[in-house]
file start_9.cif (mmCIF, C-alpha atoms)
data_start
loop_
_atom_site.label_atom_id
_atom_site.label_comp_id
_atom_site.auth_asym_id
_atom_site.auth_seq_id
_atom_site.Cartn_x
_atom_site.Cartn_y
_atom_site.Cartn_z
CA MET J 1 -123.82 116.26 10.71
CA SER J 2 -121.49 117.70 13.36
CA GLN J 3 -120.61 121.39 13.22
CA GLU J 4 -117.00 120.48 12.44
CA THR J 5 -118.16 118.46 9.46
CA ALA J 6 -120.47 121.28 8.39
CA VAL J 7 -117.59 123.78 8.53
CA LEU J 8 -115.30 121.47 6.57
CA PHE J 9 -118.01 121.01 3.95
CA ALA J 10 -118.31 124.79 3.65
CA ASN J 11 -114.54 124.95 3.25
CA GLU J 12 -114.61 122.22 0.60
CA ALA J 13 -117.39 124.08 -1.23
CA PHE J 14 -115.08 127.06 -1.48
CA TYR J 15 -112.39 124.98 -3.18
CA LEU J 16 -114.92 123.31 -5.48
CA ALA J 17 -116.14 126.75 -6.58
CA PHE J 18 -112.51 127.82 -7.04
CA SER J 19 -111.40 124.77 -9.03
CA GLY J 20 -114.62 124.77 -11.06
CA ALA J 21 -114.36 128.53 -11.74
CA ASP J 22 -117.97 128.70 -10.57
CA ILE J 23 -118.56 132.40 -9.96
CA ASP J 24 -122.18 131.94 -8.86
CA ALA J 25 -121.22 129.32 -6.28
CA MET J 26 -118.37 131.53 -5.09
CA ALA J 27 -120.75 134.48 -4.64
CA ASP J 28 -123.26 132.31 -2.82
CA LEU J 29 -120.83 130.92 -0.26
CA TRP J 30 -119.52 134.30 0.95
CA ALA J 31 -121.43 135.81 3.87
CA GLU J 32 -124.08 138.45 3.25
CA ARG J 33 -124.89 139.65 6.76
CA THR J 34 -121.33 139.67 8.09
CA ALA J 35 -118.48 141.92 6.95
CA VAL J 36 -116.13 140.09 4.59
CA SER J 37 -112.48 140.48 3.65
CA CYS J 38 -109.93 138.62 1.56
CA ILE J 39 -106.16 138.53 1.20
CA HIS J 40 -105.02 136.86 -2.00
CA PRO J 41 -101.35 135.81 -2.13
CA GLY J 42 -99.20 138.91 -2.51
CA TRP J 43 -102.20 141.25 -2.70
CA SER J 44 -103.28 144.04 -0.43
CA PRO J 45 -106.31 143.10 1.69
CA LEU J 46 -109.75 143.56 0.16
CA PHE J 47 -112.78 144.61 2.22
CA GLY J 48 -116.50 144.32 1.54
CA ARG J 49 -118.56 141.91 -0.51
CA VAL J 50 -118.34 143.93 -3.74
CA GLU J 51 -114.57 144.28 -3.67
CA VAL J 52 -114.01 140.66 -2.61
CA LEU J 53 -116.40 139.16 -5.19
CA ASP J 54 -115.02 141.41 -7.94
CA SER J 55 -111.59 139.93 -7.23
CA TRP J 56 -112.95 136.40 -7.46
CA HIS J 57 -114.74 137.27 -10.68
CA ASP J 58 -111.43 138.40 -12.16
CA ILE J 59 -109.54 135.36 -10.88
CA LEU J 60 -112.14 132.83 -11.99
CA SER J 61 -112.66 134.52 -15.36
CA ALA J 62 -108.98 134.24 -16.22
CA ALA J 63 -108.15 132.08 -19.21
CA GLU J 64 -106.24 129.60 -17.09
CA THR J 65 -107.74 129.04 -13.67
CA PRO J 66 -105.19 126.91 -11.83
CA GLU J 67 -106.09 123.43 -10.64
CA ILE J 68 -106.40 123.50 -6.85
CA VAL J 69 -106.93 120.74 -4.32
CA CYS J 70 -107.52 121.40 -0.63
CA SER J 71 -105.89 119.08 1.91
CA HIS J 72 -105.05 118.81 5.61
CA ALA J 73 -108.06 120.94 6.57
CA ARG J 74 -108.53 121.47 10.31
CA ALA J 75 -111.56 123.30 11.68
CA MET J 76 -111.69 125.28 14.94
CA ILE J 77 -115.18 126.36 16.07
CA THR J 78 -116.26 128.86 18.73
CA GLY J 79 -120.00 129.51 18.76
CA ASP J 80 -121.14 130.93 15.45
CA VAL J 81 -117.63 131.56 14.16
CA ALA J 82 -115.18 128.99 12.83
CA TYR J 83 -111.91 129.00 11.02
CA VAL J 84 -110.16 126.41 8.93
CA VAL J 85 -106.44 126.06 8.33
CA CYS J 86 -105.65 124.03 5.21
CA TYR J 87 -103.25 123.53 2.37
CA GLU J 88 -104.06 124.60 -1.17
CA ASN J 89 -102.18 122.29 -3.50
CA PHE J 90 -101.41 123.51 -6.98
CA GLU J 91 -99.37 121.85 -9.70
CA ARG J 92 -96.55 124.32 -9.09
CA GLY J 93 -96.55 124.34 -5.29
CA ALA J 94 -98.53 124.81 -2.14
CA LEU J 95 -100.23 127.63 -0.33
CA VAL J 96 -101.52 127.56 3.22
CA ALA J 97 -104.81 129.27 4.00
CA THR J 98 -106.81 130.69 6.86
CA ASN J 99 -110.52 130.60 6.05
CA ILE J 100 -112.96 132.15 8.53
CA PHE J 101 -116.66 131.28 8.49
CA ALA J 102 -119.69 132.71 10.28
CA ARG J 103 -122.98 130.88 10.74
CA GLU J 104 -125.77 132.85 9.06
CA ALA J 105 -129.28 131.40 9.44
CA GLY J 106 -127.78 128.02 10.28
CA ARG J 107 -125.38 127.98 7.33
CA TRP J 108 -121.61 128.41 7.54
CA ARG J 109 -120.55 131.13 5.12
CA MET J 110 -117.09 132.48 4.37
CA VAL J 111 -116.19 135.83 5.89
CA HIS J 112 -112.41 135.92 5.38
CA HIS J 113 -109.75 134.16 3.33
CA GLN J 114 -105.99 134.54 3.40
CA ALA J 115 -103.67 132.32 1.37
CA ALA J 116 -99.90 132.53 1.16
CA PRO J 117 -96.98 130.41 -0.05
CA ALA J 118 -95.89 127.56 2.20
CA PRO J 119 -93.68 124.49 2.02
CA PRO J 120 -95.62 121.49 0.71
CA PRO J 121 -97.31 119.43 3.46
CA GLU J 122 -94.85 117.00 5.06
CA ALA J 123 -97.31 114.43 6.36
CA PRO J 124 -99.96 112.64 4.32
CA GLU J 125 -103.60 113.70 4.58
CA ILE J 126 -105.27 112.82 7.90
CA PRO J 127 -108.55 111.06 7.07
CA ASP J 128 -110.25 112.19 10.31
CA HIS J 129 -110.13 115.77 9.12
CA THR J 130 -111.67 115.06 5.74
CA PRO J 131 -115.46 115.33 5.52
CA THR J 132 -116.13 112.32 3.36
CA THR J 133 -119.47 111.24 4.82
CA LEU J 134 -122.50 112.87 6.37
CA GLN J 135 -123.01 112.01 10.03
CA MET R 136 -114.05 150.74 26.07
CA SER R 137 -115.90 149.35 23.04
CA GLN R 138 -115.26 145.74 22.03
CA GLU R 139 -113.66 146.96 18.80
CA THR R 140 -111.23 149.06 20.80
CA ALA R 141 -110.56 146.14 23.14
CA VAL R 142 -109.78 143.86 20.20
CA LEU R 143 -107.48 146.45 18.63
CA PHE R 144 -105.69 146.85 21.95
CA ALA R 145 -105.19 143.08 22.11
CA ASN R 146 -103.84 143.22 18.57
CA GLU R 147 -101.51 146.08 19.49
CA ALA R 148 -100.31 144.13 22.53
CA PHE R 149 -99.26 141.34 20.20
CA TYR R 150 -97.08 143.71 18.17
CA LEU R 151 -95.66 145.32 21.29
CA ALA R 152 -94.64 141.88 22.56
CA PHE R 153 -93.20 141.10 19.12
CA SER R 154 -91.20 144.33 18.74
CA GLY R 155 -90.09 144.21 22.36
CA ALA R 156 -89.07 140.54 22.07
CA ASP R 157 -91.11 140.02 25.25
CA ILE R 158 -91.58 136.27 25.45
CA ASP R 159 -93.61 136.40 28.68
CA ALA R 160 -96.04 138.92 27.24
CA MET R 161 -96.29 136.86 24.06
CA ALA R 162 -97.10 133.72 26.05
CA ASP R 163 -99.67 135.60 28.13
CA LEU R 164 -101.61 137.00 25.20
CA TRP R 165 -102.18 133.67 23.43
CA ALA R 166 -105.36 131.85 24.45
CA GLU R 167 -105.27 129.08 27.02
CA ARG R 168 -108.78 127.61 26.81
CA THR R 169 -109.14 127.78 23.03
CA ALA R 170 -107.14 125.83 20.46
CA VAL R 171 -104.41 127.95 18.90
CA SER R 172 -102.54 127.89 15.61
CA CYS R 173 -100.03 130.04 13.80
CA ILE R 174 -98.72 130.43 10.25
CA HIS R 175 -95.47 132.35 10.08
CA PRO R 176 -94.49 133.70 6.63
CA GLY R 177 -93.35 130.78 4.48
CA TRP R 178 -93.76 128.25 7.29
CA SER R 179 -96.02 125.24 7.58
CA PRO R 180 -98.88 125.84 10.01
CA LEU R 181 -98.25 125.21 13.70
CA PHE R 182 -100.93 123.83 16.02
CA GLY R 183 -101.26 123.88 19.80
CA ARG R 184 -99.98 126.23 22.46
CA VAL R 185 -96.66 124.44 22.97
CA GLU R 186 -95.73 124.37 19.30
CA VAL R 187 -96.89 127.95 18.69
CA LEU R 188 -95.13 129.40 21.74
CA ASP R 189 -91.96 127.44 20.99
CA SER R 190 -91.88 129.12 17.59
CA TRP R 191 -92.26 132.55 19.16
CA HIS R 192 -89.57 131.73 21.67
CA ASP R 193 -87.19 130.94 18.80
CA ILE R 194 -88.17 134.04 16.81
CA LEU R 195 -87.96 136.43 19.76
CA SER R 196 -84.70 134.90 21.03
CA ALA R 197 -82.96 135.50 17.71
CA ALA R 198 -80.03 137.89 17.82
CA GLU R 199 -81.78 140.39 15.60
CA THR R 200 -85.49 140.64 16.17
CA PRO R 201 -86.77 142.84 13.34
CA GLU R 202 -88.41 146.18 14.10
CA ILE R 203 -92.12 145.85 13.40
CA VAL R 204 -94.92 148.40 13.42
CA CYS R 205 -98.57 147.49 13.00
CA SER R 206 -100.78 149.77 10.90
CA HIS R 207 -104.16 149.89 9.15
CA ALA R 208 -105.68 147.49 11.68
CA ARG R 209 -109.37 146.72 11.14
CA ALA R 210 -111.33 144.59 13.61
CA MET R 211 -114.35 142.43 12.79
CA ILE R 212 -116.25 141.03 15.80
CA THR R 213 -118.90 138.31 16.02
CA GLY R 214 -119.85 137.40 19.56
CA ASP R 215 -116.83 136.07 21.44
CA VAL R 216 -114.64 135.78 18.35
CA ALA R 217 -112.94 138.59 16.49
CA TYR R 218 -110.36 138.93 13.80
CA VAL R 219 -108.09 141.75 12.79
CA VAL R 220 -106.59 142.41 9.38
CA CYS R 221 -103.54 144.67 9.54
CA TYR R 222 -100.23 145.50 7.98
CA GLU R 223 -96.94 144.59 9.62
CA ASN R 224 -94.39 147.17 8.54
CA PHE R 225 -90.73 146.20 8.64
CA GLU R 226 -87.75 148.17 7.47
CA ARG R 227 -87.42 145.90 4.44
CA GLY R 228 -91.07 145.66 3.45
CA ALA R 229 -94.58 144.84 4.53
CA LEU R 230 -96.56 141.80 5.54
CA VAL R 231 -100.30 141.58 5.88
CA ALA R 232 -101.76 139.59 8.75
CA THR R 233 -104.92 137.86 9.85
CA ASN R 234 -105.10 137.73 13.65
CA ILE R 235 -107.98 135.86 15.28
CA PHE R 236 -108.96 136.46 18.90
CA ALA R 237 -111.36 134.71 21.29
CA ARG R 238 -112.78 136.26 24.44
CA GLU R 239 -111.71 134.19 27.45
CA ALA R 240 -113.07 135.36 30.81
CA GLY R 241 -113.75 138.78 29.33
CA ARG R 242 -110.32 139.17 27.78
CA TRP R 243 -109.51 139.02 24.07
CA ARG R 244 -106.72 136.53 23.53
CA MET R 245 -105.02 135.47 20.31
CA VAL R 246 -105.98 132.10 18.87
CA HIS R 247 -104.53 132.32 15.35
CA HIS R 248 -102.02 134.39 13.40
CA GLN R 249 -101.10 134.28 9.74
CA ALA R 250 -98.73 136.78 8.16
CA ALA R 251 -97.54 136.88 4.57
CA PRO R 252 -95.79 139.26 2.17
CA ALA R 253 -97.89 142.06 0.70
CA PRO R 254 -97.38 145.28 -1.19
CA PRO R 255 -96.84 148.20 1.19
CA PRO R 256 -100.06 149.97 2.21
CA GLU R 257 -101.15 152.48 -0.45
CA ALA R 258 -103.23 154.80 1.71
CA PRO R 259 -102.08 156.49 4.92
CA GLU R 260 -103.22 155.16 8.28
CA ILE R 261 -106.90 155.71 9.05
CA PRO R 262 -107.17 157.28 12.51
CA ASP R 263 -110.62 155.78 13.18
CA HIS R 264 -109.13 152.33 13.21
CA THR R 265 -106.36 153.12 15.64
CA PRO R 266 -107.15 152.64 19.33
CA THR R 267 -105.56 155.78 20.67
CA THR R 268 -107.93 156.49 23.53
CA LEU R 269 -109.97 154.53 26.03
CA GLN R 270 -113.71 155.05 25.66
#

call {"tool": "encode", "arguments": {"input": "start_9.cif", "output": "C-alpha cells"}}
result
Amino acid sequence: MSQETAVLFANEAFYLAFSGADIDAMADLWAERTAVSCIHPGWSPLFGRVEVLDSWHDILSAAETPEIVCSHARAMITGDVAYVVCYENFERGALVATNIFAREAGRWRMVHHQAAPAPPPEAPEIPDHTPTTLQ
Amino acid sequence: MSQETAVLFANEAFYLAFSGADIDAMADLWAERTAVSCIHPGWSPLFGRVEVLDSWHDILSAAETPEIVCSHARAMITGDVAYVVCYENFERGALVATNIFAREAGRWRMVHHQAAPAPPPEAPEIPDHTPTTLQ
C-alpha cells in the first residue's frame, strides 16, 4: 500500500467513525504521542487529546448524529506528516476540511481537524483519489 | 532562534503580507518545492501555486483589503512540517485558521491555509506563544 493510500485510508477511517458514531474508533485514530487540536465548524479551537476527544464524545453522543460522506479527498505527504483536503457532504450542505496526520509507529493518526462551510463540490469525485483497493 | 519561534515568525510574515496587501511578499512566503493548497472562508479549496497565488492577488488587489491582526498563535512542529492554529481578528469579527508550513532549504514556507468563522477569542493573548524576540 502506498503512503498516499495509507493516509487516505486513515482519513476514511475518521469519517467512518464519525458517521457510525463510533467513539472508541474515534479515540483510537487520534494521535497519542503527538499534540492534537481540532476546530469544529464555528467553534473555538480545541487543544489536547482530552479536550478534543471530549468534544467528539459530545458530538457522537448526540441524539441525531448527521449522516456524513467524505469525497474529493487529496493527500499531501512530507515525511512523517501528511494532510488531507476533502469535502464533508451532509444532507443539508457541504463542509470542506483540513485533516492533518502524523505517522506514529508506522500508523497514520490524526493530529488536527478543521472543517468549515463551503460551496458543494463542482466536479464529480475523482476516482484516482479514492482508496478503493489495497496496493 | 528555536524552530517554534521560526514557525511563528513565518506565520506572522503571512499576516504582515496580508494586512500590507504585499503581493510579492505573499508570493515569496508560499512554498515552491512542496504542493500548496488554500481554503478561503466559504470558498472551494484551491490547489497549486498558480491557483493559490491568483486568489491572493485578487484578494490583495481589492479596493478595501480588510485590517487583520493575528493572535493566539500556537505552533506544532514535526520534523520538516509544522502547523499553526491562530485567530485572525478583523474589525467585524474573528476567523480561526490552520496554517501548514514545510521547511524548504532551512526556511519555513506556507503550504496550506484554511480560515473560517469562529467566536472571538475568550482569553487574552498568551505572551509565551508570541514571537517577540529572537533567541

call {"tool": "calpha_fit_and_write", "arguments": {"input": "start_9.cif", "fixed": "chain J", "moving": "chain R", "output": "mmCIF file with C-alpha atoms, in the frame of the given file"}}
result
data_model
loop_
_atom_site.group_PDB
_atom_site.id
_atom_site.type_symbol
_atom_site.label_atom_id
_atom_site.label_comp_id
_atom_site.auth_asym_id
_atom_site.auth_seq_id
_atom_site.Cartn_x
_atom_site.Cartn_y
_atom_site.Cartn_z
ATOM 1 C CA MET R 136 -123.838 116.272 10.676
ATOM 2 C CA SER R 137 -121.490 117.682 13.328
ATOM 3 C CA GLN R 138 -120.616 121.381 13.187
ATOM 4 C CA GLU R 139 -117.005 120.466 12.411
ATOM 5 C CA THR R 140 -118.160 118.450 9.425
ATOM 6 C CA ALA R 141 -120.458 121.278 8.345
ATOM 7 C CA VAL R 142 -117.591 123.770 8.491
ATOM 8 C CA LEU R 143 -115.301 121.453 6.529
ATOM 9 C CA PHE R 144 -118.016 121.007 3.918
ATOM 10 C CA ALA R 145 -118.318 124.790 3.617
ATOM 11 C CA ASN R 146 -114.550 124.949 3.227
ATOM 12 C CA GLU R 147 -114.633 122.227 0.573
ATOM 13 C CA ALA R 148 -117.400 124.092 -1.258
ATOM 14 C CA PHE R 149 -115.090 127.078 -1.500
ATOM 15 C CA TYR R 150 -112.403 124.996 -3.214
ATOM 16 C CA LEU R 151 -114.931 123.329 -5.488
ATOM 17 C CA ALA R 152 -116.146 126.761 -6.598
ATOM 18 C CA PHE R 153 -112.519 127.837 -7.047
ATOM 19 C CA SER R 154 -111.407 124.794 -9.067
ATOM 20 C CA GLY R 155 -114.622 124.798 -11.069
ATOM 21 C CA ALA R 156 -114.350 128.546 -11.760
ATOM 22 C CA ASP R 157 -117.975 128.733 -10.589
ATOM 23 C CA ILE R 158 -118.561 132.419 -9.966
ATOM 24 C CA ASP R 159 -122.184 131.957 -8.855
ATOM 25 C CA ALA R 160 -121.232 129.343 -6.288
ATOM 26 C CA MET R 161 -118.380 131.551 -5.100
ATOM 27 C CA ALA R 162 -120.734 134.505 -4.650
ATOM 28 C CA ASP R 163 -123.259 132.324 -2.824
ATOM 29 C CA LEU R 164 -120.827 130.944 -0.276
ATOM 30 C CA TRP R 165 -119.509 134.314 0.930
ATOM 31 C CA ALA R 166 -121.436 135.828 3.838
ATOM 32 C CA GLU R 167 -124.093 138.451 3.248
ATOM 33 C CA ARG R 168 -124.894 139.659 6.772
ATOM 34 C CA THR R 169 -121.329 139.671 8.091
ATOM 35 C CA ALA R 170 -118.483 141.907 6.946
ATOM 36 C CA VAL R 171 -116.128 140.089 4.594
ATOM 37 C CA SER R 172 -112.483 140.473 3.649
ATOM 38 C CA CYS R 173 -109.940 138.623 1.572
ATOM 39 C CA ILE R 174 -106.155 138.531 1.208
ATOM 40 C CA HIS R 175 -105.021 136.875 -1.994
ATOM 41 C CA PRO R 176 -101.346 135.796 -2.123
ATOM 42 C CA GLY R 177 -99.196 138.909 -2.490
ATOM 43 C CA TRP R 178 -102.194 141.241 -2.675
ATOM 44 C CA SER R 179 -103.270 144.050 -0.394
ATOM 45 C CA PRO R 180 -106.299 143.101 1.696
ATOM 46 C CA LEU R 181 -109.742 143.573 0.168
ATOM 47 C CA PHE R 182 -112.763 144.615 2.231
ATOM 48 C CA GLY R 183 -116.488 144.331 1.565
ATOM 49 C CA ARG R 184 -118.555 141.942 -0.499
ATOM 50 C CA VAL R 185 -118.330 143.948 -3.725
ATOM 51 C CA GLU R 186 -114.559 144.291 -3.665
ATOM 52 C CA VAL R 187 -114.006 140.672 -2.600
ATOM 53 C CA LEU R 188 -116.392 139.194 -5.174
ATOM 54 C CA ASP R 189 -115.002 141.428 -7.919
ATOM 55 C CA SER R 190 -111.581 139.949 -7.213
ATOM 56 C CA TRP R 191 -112.942 136.419 -7.457
ATOM 57 C CA HIS R 192 -114.735 137.301 -10.653
ATOM 58 C CA ASP R 193 -111.418 138.427 -12.155
ATOM 59 C CA ILE R 194 -109.524 135.376 -10.877
ATOM 60 C CA LEU R 195 -112.140 132.849 -11.987
ATOM 61 C CA SER R 196 -112.644 134.550 -15.369
ATOM 62 C CA ALA R 197 -108.955 134.268 -16.219
ATOM 63 C CA ALA R 198 -108.139 132.105 -19.214
ATOM 64 C CA GLU R 199 -106.263 129.606 -17.098
ATOM 65 C CA THR R 200 -107.741 129.044 -13.685
ATOM 66 C CA PRO R 201 -105.179 126.913 -11.847
ATOM 67 C CA GLU R 202 -106.086 123.421 -10.661
ATOM 68 C CA ILE R 203 -106.382 123.506 -6.883
ATOM 69 C CA VAL R 204 -106.930 120.754 -4.341
ATOM 70 C CA CYS R 205 -107.523 121.405 -0.659
ATOM 71 C CA SER R 206 -105.896 119.084 1.881
ATOM 72 C CA HIS R 207 -105.063 118.804 5.586
ATOM 73 C CA ALA R 208 -108.065 120.938 6.537
ATOM 74 C CA ARG R 209 -108.542 121.454 10.279
ATOM 75 C CA ALA R 210 -111.579 123.289 11.653
ATOM 76 C CA MET R 211 -111.717 125.256 14.905
ATOM 77 C CA ILE R 212 -115.206 126.339 16.037
ATOM 78 C CA THR R 213 -116.293 128.833 18.695
ATOM 79 C CA GLY R 214 -120.015 129.472 18.746
ATOM 80 C CA ASP R 215 -121.154 130.921 15.426
ATOM 81 C CA VAL R 216 -117.637 131.547 14.134
ATOM 82 C CA ALA R 217 -115.205 128.982 12.812
ATOM 83 C CA TYR R 218 -111.928 128.988 11.004
ATOM 84 C CA VAL R 219 -110.169 126.408 8.911
ATOM 85 C CA VAL R 220 -106.450 126.054 8.311
ATOM 86 C CA CYS R 221 -105.661 124.027 5.196
ATOM 87 C CA TYR R 222 -103.252 123.538 2.362
ATOM 88 C CA GLU R 223 -104.060 124.603 -1.182
ATOM 89 C CA ASN R 224 -102.180 122.288 -3.512
ATOM 90 C CA PHE R 225 -101.413 123.526 -7.008
ATOM 91 C CA GLU R 226 -99.380 121.856 -9.693
ATOM 92 C CA ARG R 227 -96.540 124.308 -9.090
ATOM 93 C CA GLY R 228 -96.535 124.325 -5.301
ATOM 94 C CA ALA R 229 -98.532 124.815 -2.150
ATOM 95 C CA LEU R 230 -100.233 127.635 -0.323
ATOM 96 C CA VAL R 231 -101.531 127.551 3.206
ATOM 97 C CA ALA R 232 -104.816 129.263 3.986
ATOM 98 C CA THR R 233 -106.809 130.684 6.849
ATOM 99 C CA ASN R 234 -110.528 130.590 6.043
ATOM 100 C CA ILE R 235 -112.971 132.143 8.507
ATOM 101 C CA PHE R 236 -116.668 131.271 8.476
ATOM 102 C CA ALA R 237 -119.712 132.699 10.272
ATOM 103 C CA ARG R 238 -122.999 130.874 10.732
ATOM 104 C CA GLU R 239 -125.779 132.850 9.041
ATOM 105 C CA ALA R 240 -129.280 131.396 9.411
ATOM 106 C CA GLY R 241 -127.777 128.022 10.248
ATOM 107 C CA ARG R 242 -125.379 127.980 7.321
ATOM 108 C CA TRP R 243 -121.606 128.395 7.512
ATOM 109 C CA ARG R 244 -120.555 131.116 5.111
ATOM 110 C CA MET R 245 -117.094 132.478 4.371
ATOM 111 C CA VAL R 246 -116.197 135.840 5.869
ATOM 112 C CA HIS R 247 -112.417 135.926 5.373
ATOM 113 C CA HIS R 248 -109.745 134.163 3.337
ATOM 114 C CA GLN R 249 -105.990 134.545 3.407
ATOM 115 C CA ALA R 250 -103.679 132.323 1.385
ATOM 116 C CA ALA R 251 -99.907 132.512 1.164
ATOM 117 C CA PRO R 252 -96.973 130.409 -0.040
ATOM 118 C CA ALA R 253 -95.887 127.543 2.200
ATOM 119 C CA PRO R 254 -93.700 124.480 2.008
ATOM 120 C CA PRO R 255 -95.643 121.482 0.697
ATOM 121 C CA PRO R 256 -97.319 119.419 3.431
ATOM 122 C CA GLU R 257 -94.850 116.984 5.024
ATOM 123 C CA ALA R 258 -97.294 114.397 6.331
ATOM 124 C CA PRO R 259 -99.972 112.625 4.289
ATOM 125 C CA GLU R 260 -103.599 113.677 4.594
ATOM 126 C CA ILE R 261 -105.241 112.807 7.909
ATOM 127 C CA PRO R 262 -108.531 111.032 7.178
ATOM 128 C CA ASP R 263 -110.167 112.227 10.418
ATOM 129 C CA HIS R 264 -110.067 115.773 9.178
ATOM 130 C CA THR R 265 -111.646 115.063 5.831
ATOM 131 C CA PRO R 266 -115.440 115.277 5.663
ATOM 132 C CA THR R 267 -116.097 112.197 3.596
ATOM 133 C CA THR R 268 -119.407 111.152 5.096
ATOM 134 C CA LEU R 269 -122.481 112.811 6.529
ATOM 135 C CA GLN R 270 -123.041 112.029 10.200
#

call {"tool": "interface_residues", "arguments": {"input": "start_9.cif", "of": "chain J", "to": "chain R", "cutoff": "7 Å", "atoms": "all atoms listed in the file", "output": "ChimeraX atom specification"}}
result
/J:42-44,81,116-119

call {"tool": "residues_around", "arguments": {"input": "start_9.cif", "residues": "Leu16 in chain J", "least_positions_apart": "3", "cutoff": "10 Å", "atoms": "all atoms listed in the file", "output": "ChimeraX atom specification"}}
result
/J:10-13,19-22,25-26,68-70

call {"tool": "atom_distance", "arguments": {"input": "start_9.cif", "atom1": "CA of Phe101 in chain J", "atom2": "CA of Tyr15 in chain J"}}
result
13.9 Å

call {"tool": "resolve_selection", "arguments": {"input": "start_9.cif", "expression": "the PyMOL selection byres ((chain J and resi 90) around 9)", "output": "PDB file with C-alpha atoms, in the coordinates of the input"}}
result
ATOM      1  CA  PRO J  66    -105.190 126.910 -11.830  1.00  0.00           C
ATOM      2  CA  GLU J  67    -106.090 123.430 -10.640  1.00  0.00           C
ATOM      3  CA  ILE J  68    -106.400 123.500  -6.850  1.00  0.00           C
ATOM      4  CA  VAL J  69    -106.930 120.740  -4.320  1.00  0.00           C
ATOM      5  CA  GLU J  88    -104.060 124.600  -1.170  1.00  0.00           C
ATOM      6  CA  ASN J  89    -102.180 122.290  -3.500  1.00  0.00           C
ATOM      7  CA  GLU J  91     -99.370 121.850  -9.700  1.00  0.00           C
ATOM      8  CA  ARG J  92     -96.550 124.320  -9.090  1.00  0.00           C
ATOM      9  CA  GLY J  93     -96.550 124.340  -5.290  1.00  0.00           C
ATOM     10  CA  ALA J  94     -98.530 124.810  -2.140  1.00  0.00           C
ATOM     11  CA  LEU J  95    -100.230 127.630  -0.330  1.00  0.00           C
TER      12      LEU J  95
END

call {"tool": "atom_distance", "arguments": {"input": "start_9.cif", "atom1": "CA of Trp30 in chain J", "atom2": "CA of Gly241 in chain R"}}
result
29.3 Å

call {"tool": "atom_distance", "arguments": {"input": "start_9.cif", "atom1": "CA of Trp243 in chain R", "atom2": "CA of Met110 in chain J"}}
result
22.1 Å

call {"tool": "closest_residue", "arguments": {"input": "start_9.cif", "among": "R:Asp159, R:Pro259, R:Thr140, R:Phe153", "to": "Glu199 in chain R", "atoms": "all atoms listed in the file"}}
result
R:Phe153

call {"tool": "closest_residue", "arguments": {"input": "start_9.cif", "among": "J:Ala75, J:Val50, J:Met1, J:Leu60", "to": "Ala17 in chain J", "atoms": "all atoms listed in the file"}}
result
J:Leu60
